[in-house]
Every structure is written in structure tokens, then in C-alpha cells.
Amino acid sequence: MQLVPPILLLFTLFNDAVLGFDAMNHARTLDLPVQSVIVVDKSGKGNFQTVQAAIDSVPPKNNQWIKIQINSGVYKEKVTIPPEKPFIYLEGADRSNTVITFDDHQQTDTSATFTSYPPNIVARGITFENSFNLAEAPELFVPNDGTFFTQALAARIYGDKSAFFSCGFKGFQDTLWDVQGRHFFQTCYIEGAIDFIFGSGQSVYKDCLINVNVANLPQVNQGFITAQGRQSAADPSGFVFKRCTITGSGKALLGRAYGPFSRVIFEDTIMGPVVAPEGWDAWNFKGQEQHFMYVEENSSGPGSSTSMRVPWAKTLDASQLRRFSVESFINQDGWIPTLP
């Protein structure tokens, strides 16, 4: 993805909301037991000292929930859940104290700190971070190998029915690759600057804090929060943001088209002044704007004014918005209430 935007970030982390589902819109969460618990502890007080070793111990084709409890600590490692290992529940102490971090970069498909391939994956209370390009001092933003900003993913999520609660995703460019499948993010913190929520996932982001971190860099003057890659009118993918908060400093667009039928909806979202007045960009699909679905409904805050938005941004009435509720958009078969 092409390079873009700067912004000096002042942010206040919001308290984790209580996990649950609106009584009128969601079935009661079932308290399903897990088959076994594996403990990861850096000091050696658990079953394993690395997250990857714990995942490696899970039997292939597992069909019962296994919890991997990750105790407080900073785990510097790349972590992958392979396709043949579904039904893994990663639980950290909380996203401030359980951090998985690495600094790989250059390639979108290889740089992610955390990669999850199978369906039926849950994570709670963990921060996934790619530390490349996250130096606090501007002079340190040019890496030693001579490159400038580049793709450096914190996470990439492939599997259907994947859910993240009170997790953090921290990076700069391409932080979270929401690749494909139905995903649910609740009370998460997502930080980045350039296309930092991107891909072709069919996902709902609820009560999340989205923080633009372009920082004080004169070389970059505008950020991009989303880059959604829907390919056709029949493609079910799209990003839906409900009751989120957008913060940061400088300016960032809500999104740019990563596909010819790109679809992003912000509903009941608090938008800080970081949101650029025009809102959206067609990127490489200029002339095809009639196919995009870029929607803002019932949002508030200094960045929510639509008076200067691009003319091809759309509006939806209440019945149309209901198509993008959690129940209708991603939970048609009731998988969310059955999570452990």
C-alpha cells in the first residue's frame, strides 16, 4: 500500500467495557467450559514460556475449546495459529500487561506479529504489536536498514468466526489485516496511521477506540484508517463500526477503496478532529465511486460533519442499517453467543 499521513497522537486509553451483548439484539452469552487450560508464563511458572510453544502443543483437528492462559509479560515472538488448530482461546491478563510484540516488516504477507488461520478462535486481554516504525522520537522513524515507512503488521486474521475482546492492535502501516471471514471486535484498541484496518473481512467493530498515530512527521500529511477490499456486489465483506471513538491528531480519512465495491459503515461513532473533512478517497478506483458503500450515520464529535464529505458518500435508513447489525451481518448462525 502506498505511503501516506502524519499526526502527533495524544490519546487516553478508555476503560475496557463490560463484555456482553445488548439484550434486545443478542442472545445471552453461553458460559461454555473449555476442555483444558495451558498456562504460558515468561518466568517458567507455567506449562510453557512462549505463546507459540503452547499453540504447538494443541493437537491438530481439535474440536473442543482449549484455553491458553498467557500471564503478564512482554512476549517478543511471532505467533501463528495454523489452519488445522481451531477452537483455541487466548486469554491474557489484560491488554496493558500481556503484550505479544515483534518488529518484522517489508512484506504484507510475512510481517505479522500474530497470524490466525483457522475458524473458531477467540482472544481476550492481549495486545498484538508490531514495533517497527513505532519509535517515539521522529528521528528514529527512519530504520537502520535505510527504508522508510513500510508494511509492518500487528495481526492478520483469516479464519471465519474469530472474535477479539478487549485486545489491542498497535502498529503504523497496515496494523490489522482483516483478511476474510466473519470477525467480531469488541472494546478493542486499534492504533495506526496508514491503511491500518484493511482487507476483505466481514467484520463488526463495536465499542472500539481507534487511534491515529501518524506522529509529528512532515513527510506524511494525511492518514487512512480503513482500506476495505470488497470485490463485487455479491461479496459479503465489509467493515461495520458501531459506537466507536476515533482519536488522534493531524488528519486522517475514514477510508480509501482497496476494492471496486469497498464497503465501510460508521454508526453512532464519536469522531475527533483528526477526521479529514472530505472523509473518503477512491484511491485506484476513481470513476467507480457509485459502487462504494461509505456510510456515516448518527455520528458525533468535531470530525463528524458531513458538509464537506465527498459527494458519493451514502446514507442508509433505519431498515437498511439493520442489515448491518451484529445479528444480521455476522451472527446469522448464532456463533457469537456460543463462545467460551
# chains A, B, ... in the order shown; residues from 1 in each chain; ligands from 1

$ select_by_dssp --residues "region 49-207 of chain A" --states "strand (DSSP E or B)" --output "JSON, numbers by chain"
{"A": [66, 67, 68, 69, 70, 73, 74, 75, 76, 79, 80, 81, 88, 89, 90, 91, 92, 98, 99, 100, 101, 102, 114, 115, 116, 121, 122, 123, 124, 127, 128, 129, 130, 155, 156, 157, 162, 163, 164, 165, 168, 169, 170, 173, 176, 177, 178, 182, 183, 184, 185, 186, 189, 190, 191, 192, 194, 195, 196, 197, 198, 199, 202, 203, 204, 205, 206]}

$ residues_around --residues "Phe198 (chain A)" --least-positions-apart "2" --cutoff "7 Å" --atoms "only C-alpha atoms" --output "list in words"
Asp174, Leu176, Trp177, Asp178, Asp195, Phe196, Thr226, Ala227 and Gln228 of chain A

$ closest_residue --among "A:Lys42, A:Lys242, A:Lys170, A:His291" --to "Asp207 (chain A)" --atoms "only C-alpha atoms"
A:Lys242

$ closest_residue --among "A:Val40, A:Val51, A:Ile336, A:Val310" --to "Ser162 (chain A)" --atoms "only C-alpha atoms"
A:Ile336

$ residues_around --residues "Ile265 (chain A)" --least-positions-apart "5" --cutoff "9 Å" --atoms "only C-alpha atoms" --output "compact mmCIF listing (two decimals) with C-alpha atoms, in the first residue's frame"
# COMPACT_ATOMS: atom_id res chain seq x y z
CA GLY A 238 -17.39 -5.03 4.74
CA PHE A 239 -16.30 -3.23 7.90
CA VAL A 240 -19.01 -2.00 10.29
CA PHE A 241 -18.03 0.26 13.19
CA LYS A 242 -20.61 0.68 15.96
CA MET A 293 -20.78 1.95 0.19
CA TYR A 294 -19.26 4.52 2.52
CA VAL A 295 -21.76 5.43 5.21
CA GLU A 296 -21.83 7.55 8.37
CA GLU A 297 -24.98 7.51 10.46
CA PHE A 324 -25.53 -4.42 9.31

$ closest_residue --among "A:Ala318, A:Ile270, A:Ile70, A:Val179" --to "Thr127 (chain A)" --atoms "only C-alpha atoms"
A:Ile70

$ residues_around --residues "Ile100 (chain A)" --least-positions-apart "4" --cutoff "12 Å" --atoms "only C-alpha atoms" --output "VMD selection string"
chain A and resid 42 50 to 52 70 to 80 90 92 94 to 96 112 to 115 125 to 131 154 to 155 167 to 170

$ write_last_selection --atoms "N, CA and C atoms" --output "short mmCIF file (atom, residue, chain, number, x, y, z; two decimals), in the first residue's frame"
data_model
loop_
_atom_site.label_atom_id
_atom_site.label_comp_id
_atom_site.auth_asym_id
_atom_site.auth_seq_id
_atom_site.Cartn_x
_atom_site.Cartn_y
_atom_site.Cartn_z
N LYS A 42 6.38 -16.26 31.36
CA LYS A 42 7.77 -15.98 30.99
C LYS A 42 8.76 -16.45 32.05
N THR A 50 6.74 -19.60 26.06
CA THR A 50 6.38 -18.83 24.87
C THR A 50 4.98 -19.21 24.42
N VAL A 51 4.32 -18.25 23.78
CA VAL A 51 2.96 -18.48 23.29
C VAL A 51 2.97 -19.52 22.18
N GLN A 52 3.95 -19.44 21.29
CA GLN A 52 3.98 -20.37 20.17
C GLN A 52 4.16 -21.81 20.63
N ILE A 70 -2.25 -16.64 29.07
CA ILE A 70 -0.95 -16.00 28.91
C ILE A 70 -0.77 -14.99 30.05
N ASN A 71 0.10 -15.30 30.97
CA ASN A 71 0.30 -14.43 32.12
C ASN A 71 0.97 -13.12 31.70
N SER A 72 0.95 -12.15 32.61
CA SER A 72 1.50 -10.83 32.31
C SER A 72 2.95 -10.93 31.82
N GLY A 73 3.28 -10.06 30.88
CA GLY A 73 4.64 -10.03 30.36
C GLY A 73 4.66 -9.54 28.93
N VAL A 74 5.83 -9.18 28.46
CA VAL A 74 6.04 -8.81 27.06
C VAL A 74 6.71 -10.00 26.38
N TYR A 75 6.01 -10.58 25.44
CA TYR A 75 6.49 -11.77 24.74
C TYR A 75 6.97 -11.35 23.36
N LYS A 76 8.28 -11.32 23.16
CA LYS A 76 8.82 -10.91 21.87
C LYS A 76 8.95 -12.15 20.99
N GLU A 77 7.94 -12.37 20.17
CA GLU A 77 7.91 -13.54 19.30
C GLU A 77 6.84 -13.35 18.22
N LYS A 78 7.02 -14.05 17.13
CA LYS A 78 5.95 -14.14 16.13
C LYS A 78 5.12 -15.37 16.46
N VAL A 79 3.81 -15.21 16.40
CA VAL A 79 2.90 -16.27 16.81
C VAL A 79 1.97 -16.61 15.66
N THR A 80 1.83 -17.89 15.36
CA THR A 80 0.93 -18.34 14.30
C THR A 80 0.06 -19.48 14.80
N LEU A 90 -7.24 -17.65 23.43
CA LEU A 90 -6.08 -17.00 24.03
C LEU A 90 -6.57 -15.96 25.04
N GLY A 92 -5.18 -13.21 27.89
CA GLY A 92 -4.13 -12.53 28.61
C GLY A 92 -4.63 -11.96 29.92
N ASP A 94 -4.54 -8.66 30.75
CA ASP A 94 -5.28 -7.55 30.17
C ASP A 94 -4.37 -6.95 29.10
N ARG A 95 -4.90 -6.08 28.27
CA ARG A 95 -4.11 -5.65 27.11
C ARG A 95 -2.95 -4.73 27.47
N SER A 96 -2.95 -4.18 28.68
CA SER A 96 -1.81 -3.37 29.12
C SER A 96 -0.65 -4.23 29.61
N ALA A 112 3.45 -10.09 9.89
CA ALA A 112 2.55 -10.00 11.03
C ALA A 112 3.14 -10.63 12.29
N THR A 113 2.98 -9.94 13.40
CA THR A 113 3.38 -10.49 14.69
C THR A 113 2.48 -11.67 15.05
N PHE A 114 1.19 -11.54 14.79
CA PHE A 114 0.23 -12.61 15.10
C PHE A 114 -0.54 -12.96 13.84
N THR A 115 -0.60 -14.25 13.51
CA THR A 115 -1.36 -14.73 12.36
C THR A 115 -2.28 -15.86 12.81
N GLY A 125 -7.94 -9.69 26.13
CA GLY A 125 -6.98 -9.10 27.05
C GLY A 125 -5.54 -9.21 26.64
N ILE A 126 -5.26 -9.09 25.33
CA ILE A 126 -3.89 -9.20 24.81
C ILE A 126 -3.66 -8.04 23.84
N THR A 127 -2.45 -7.47 23.86
CA THR A 127 -2.06 -6.52 22.82
C THR A 127 -1.13 -7.22 21.83
N PHE A 128 -1.46 -7.09 20.55
CA PHE A 128 -0.63 -7.59 19.46
C PHE A 128 0.04 -6.36 18.83
N GLU A 129 1.35 -6.35 18.79
CA GLU A 129 2.07 -5.15 18.38
C GLU A 129 3.14 -5.47 17.35
N ASN A 130 3.26 -4.59 16.35
CA ASN A 130 4.44 -4.58 15.50
C ASN A 130 5.18 -3.29 15.82
N SER A 131 6.36 -3.43 16.42
CA SER A 131 7.09 -2.26 16.92
C SER A 131 7.85 -1.51 15.84
N ALA A 154 0.62 -5.92 12.79
CA ALA A 154 0.49 -6.47 14.13
C ALA A 154 -0.26 -7.80 14.08
N ALA A 155 -1.28 -7.91 13.22
CA ALA A 155 -2.08 -9.13 13.16
C ALA A 155 -2.70 -9.30 11.79
N CYS A 167 -8.86 -6.44 23.28
CA CYS A 167 -7.49 -6.62 22.78
C CYS A 167 -6.95 -5.31 22.22
N GLY A 168 -5.64 -5.24 22.07
CA GLY A 168 -5.00 -4.11 21.43
C GLY A 168 -4.30 -4.54 20.16
N PHE A 169 -4.29 -3.64 19.18
CA PHE A 169 -3.57 -3.87 17.92
C PHE A 169 -2.78 -2.60 17.65
N LYS A 170 -1.45 -2.68 17.73
CA LYS A 170 -0.62 -1.47 17.63
C LYS A 170 0.38 -1.61 16.50
#

$ closest_residue --among "A:Ser166, A:Asp160, A:Pro83, A:Gly334" --to "Thr98 (chain A)" --atoms "only C-alpha atoms"
A:Ser166

$ select_by_dssp --residues "region 96-335 of chain A" --states "helix (DSSP H, G or I)" --output "list in words"
Pro138, Glu139, Leu140, Phe141, Trp283, Asn284, Phe285, Glu289, Gln290, His291, Ala318, Ser319, Gln320, Leu321, Arg322, Val326, Glu327, Ser328 and Phe329 of chain A

$ residues_around --residues "Asn298 (chain A)" --least-positions-apart "2" --cutoff "8 Å" --atoms "only C-alpha atoms" --output "ChimeraX atom specification"
/A:267-269,296,300

$ write_last_selection --atoms "N, CA, C and O atoms" --output "mmCIF file, in the first residue's frame"
data_model
loop_
_atom_site.group_PDB
_atom_site.id
_atom_site.type_symbol
_atom_site.label_atom_id
_atom_site.label_comp_id
_atom_site.auth_asym_id
_atom_site.auth_seq_id
_atom_site.Cartn_x
_atom_site.Cartn_y
_atom_site.Cartn_z
ATOM 1 N N GLU A 267 -21.375 3.885 12.488
ATOM 2 C CA GLU A 267 -22.672 4.182 13.104
ATOM 3 C C GLU A 267 -22.470 4.549 14.571
ATOM 4 O O GLU A 267 -21.733 3.876 15.293
ATOM 5 N N ASP A 268 -23.108 5.644 14.996
ATOM 6 C CA ASP A 268 -23.033 6.063 16.406
ATOM 7 C C ASP A 268 -21.587 6.184 16.882
ATOM 8 O O ASP A 268 -21.237 5.767 18.001
ATOM 9 N N THR A 269 -20.741 6.754 16.034
ATOM 10 C CA THR A 269 -19.319 6.861 16.335
ATOM 11 C C THR A 269 -18.951 8.289 16.716
ATOM 12 O O THR A 269 -19.405 9.239 16.086
ATOM 13 N N GLU A 296 -21.941 7.047 6.993
ATOM 14 C CA GLU A 296 -21.830 7.550 8.367
ATOM 15 C C GLU A 296 -23.238 7.877 8.847
ATOM 16 O O GLU A 296 -23.933 8.671 8.222
ATOM 17 N N SER A 300 -21.107 11.654 15.955
ATOM 18 C CA SER A 300 -20.999 12.936 16.641
ATOM 19 C C SER A 300 -19.538 13.319 16.780
ATOM 20 O O SER A 300 -18.639 12.552 16.427
#

$ decode --residues "region 84-96 of chain A" --atoms "all heavy atoms" --output "short mmCIF file (atom, residue, chain, number, x, y, z; two decimals), in the first residue's frame"
data_model
loop_
_atom_site.label_atom_id
_atom_site.label_comp_id
_atom_site.auth_asym_id
_atom_site.auth_seq_id
_atom_site.Cartn_x
_atom_site.Cartn_y
_atom_site.Cartn_z
N GLU A 84 -4.96 -26.10 10.92
CA GLU A 84 -5.51 -27.34 11.47
C GLU A 84 -5.76 -27.27 12.98
O GLU A 84 -6.06 -28.29 13.61
CB GLU A 84 -4.57 -28.51 11.16
CG GLU A 84 -3.24 -28.48 11.90
CD GLU A 84 -2.16 -27.64 11.22
OE1 GLU A 84 -2.50 -26.88 10.29
OE2 GLU A 84 -0.99 -27.75 11.63
N LYS A 85 -5.69 -26.05 13.58
CA LYS A 85 -5.87 -25.95 15.03
C LYS A 85 -6.93 -24.93 15.41
O LYS A 85 -6.64 -23.84 15.92
CB LYS A 85 -4.54 -25.62 15.70
CG LYS A 85 -3.50 -26.73 15.54
CD LYS A 85 -2.28 -26.52 16.39
CE LYS A 85 -1.32 -27.69 16.24
NZ LYS A 85 -0.18 -27.61 17.16
N PRO A 86 -8.21 -25.25 15.17
CA PRO A 86 -9.30 -24.36 15.59
C PRO A 86 -9.58 -24.49 17.07
O PRO A 86 -8.91 -25.25 17.79
CB PRO A 86 -10.49 -24.85 14.76
CG PRO A 86 -10.22 -26.32 14.62
CD PRO A 86 -8.72 -26.46 14.50
N PHE A 87 -10.58 -23.76 17.55
CA PHE A 87 -11.06 -23.83 18.93
C PHE A 87 -9.97 -23.54 19.96
O PHE A 87 -9.82 -24.24 20.96
CB PHE A 87 -11.71 -25.19 19.20
CG PHE A 87 -12.96 -25.42 18.39
CD1 PHE A 87 -12.94 -26.22 17.26
CD2 PHE A 87 -14.14 -24.79 18.76
CE1 PHE A 87 -14.07 -26.41 16.50
CE2 PHE A 87 -15.30 -24.99 18.00
CZ PHE A 87 -15.26 -25.78 16.87
N ILE A 88 -9.19 -22.50 19.69
CA ILE A 88 -8.20 -22.01 20.65
C ILE A 88 -8.67 -20.68 21.21
O ILE A 88 -9.09 -19.79 20.46
CB ILE A 88 -6.80 -21.88 20.01
CG1 ILE A 88 -6.23 -23.27 19.72
CG2 ILE A 88 -5.86 -21.08 20.89
CD1 ILE A 88 -4.87 -23.24 19.03
N TYR A 89 -8.60 -20.56 22.51
CA TYR A 89 -9.00 -19.34 23.22
C TYR A 89 -7.76 -18.79 23.92
O TYR A 89 -7.25 -19.39 24.88
CB TYR A 89 -10.11 -19.69 24.21
CG TYR A 89 -10.51 -18.62 25.21
CD1 TYR A 89 -10.28 -17.26 24.97
CD2 TYR A 89 -11.14 -18.98 26.39
CE1 TYR A 89 -10.66 -16.30 25.88
CE2 TYR A 89 -11.53 -18.02 27.32
CZ TYR A 89 -11.28 -16.68 27.07
OH TYR A 89 -11.66 -15.73 27.98
N LEU A 90 -7.24 -17.65 23.43
CA LEU A 90 -6.08 -17.00 24.03
C LEU A 90 -6.57 -15.96 25.04
O LEU A 90 -7.34 -15.06 24.67
CB LEU A 90 -5.25 -16.30 22.96
CG LEU A 90 -4.70 -17.15 21.81
CD1 LEU A 90 -4.02 -16.27 20.78
CD2 LEU A 90 -3.74 -18.21 22.33
N GLU A 91 -6.13 -16.08 26.28
CA GLU A 91 -6.56 -15.13 27.30
C GLU A 91 -5.35 -14.54 28.00
O GLU A 91 -4.57 -15.26 28.65
CB GLU A 91 -7.48 -15.81 28.32
CG GLU A 91 -8.00 -14.82 29.36
CD GLU A 91 -8.91 -15.50 30.37
OE1 GLU A 91 -8.43 -16.43 31.07
OE2 GLU A 91 -10.09 -15.12 30.46
N GLY A 92 -5.18 -13.21 27.89
CA GLY A 92 -4.13 -12.53 28.61
C GLY A 92 -4.63 -11.96 29.92
O GLY A 92 -5.82 -12.03 30.24
N ALA A 93 -3.72 -11.36 30.68
CA ALA A 93 -4.10 -10.72 31.93
C ALA A 93 -4.96 -9.49 31.65
O ALA A 93 -6.02 -9.30 32.25
CB ALA A 93 -2.85 -10.33 32.73
N ASP A 94 -4.54 -8.66 30.75
CA ASP A 94 -5.28 -7.55 30.17
C ASP A 94 -4.37 -6.95 29.10
O ASP A 94 -3.18 -7.27 29.04
CB ASP A 94 -5.70 -6.49 31.20
CG ASP A 94 -4.52 -5.87 31.93
OD1 ASP A 94 -3.68 -5.23 31.27
OD2 ASP A 94 -4.43 -6.05 33.16
N ARG A 95 -4.90 -6.08 28.27
CA ARG A 95 -4.11 -5.65 27.11
C ARG A 95 -2.95 -4.73 27.47
O ARG A 95 -2.05 -4.52 26.66
CB ARG A 95 -5.01 -5.00 26.06
CG ARG A 95 -5.59 -3.67 26.44
CD ARG A 95 -6.14 -3.00 25.17
NE ARG A 95 -6.78 -1.75 25.51
CZ ARG A 95 -8.08 -1.56 25.59
NH1 ARG A 95 -8.90 -2.55 25.35
NH2 ARG A 95 -8.57 -0.38 25.91
N SER A 96 -2.95 -4.18 28.68
CA SER A 96 -1.81 -3.37 29.12
C SER A 96 -0.65 -4.23 29.61
O SER A 96 0.50 -3.81 29.53
CB SER A 96 -2.24 -2.41 30.24
OG SER A 96 -3.22 -1.51 29.78
#
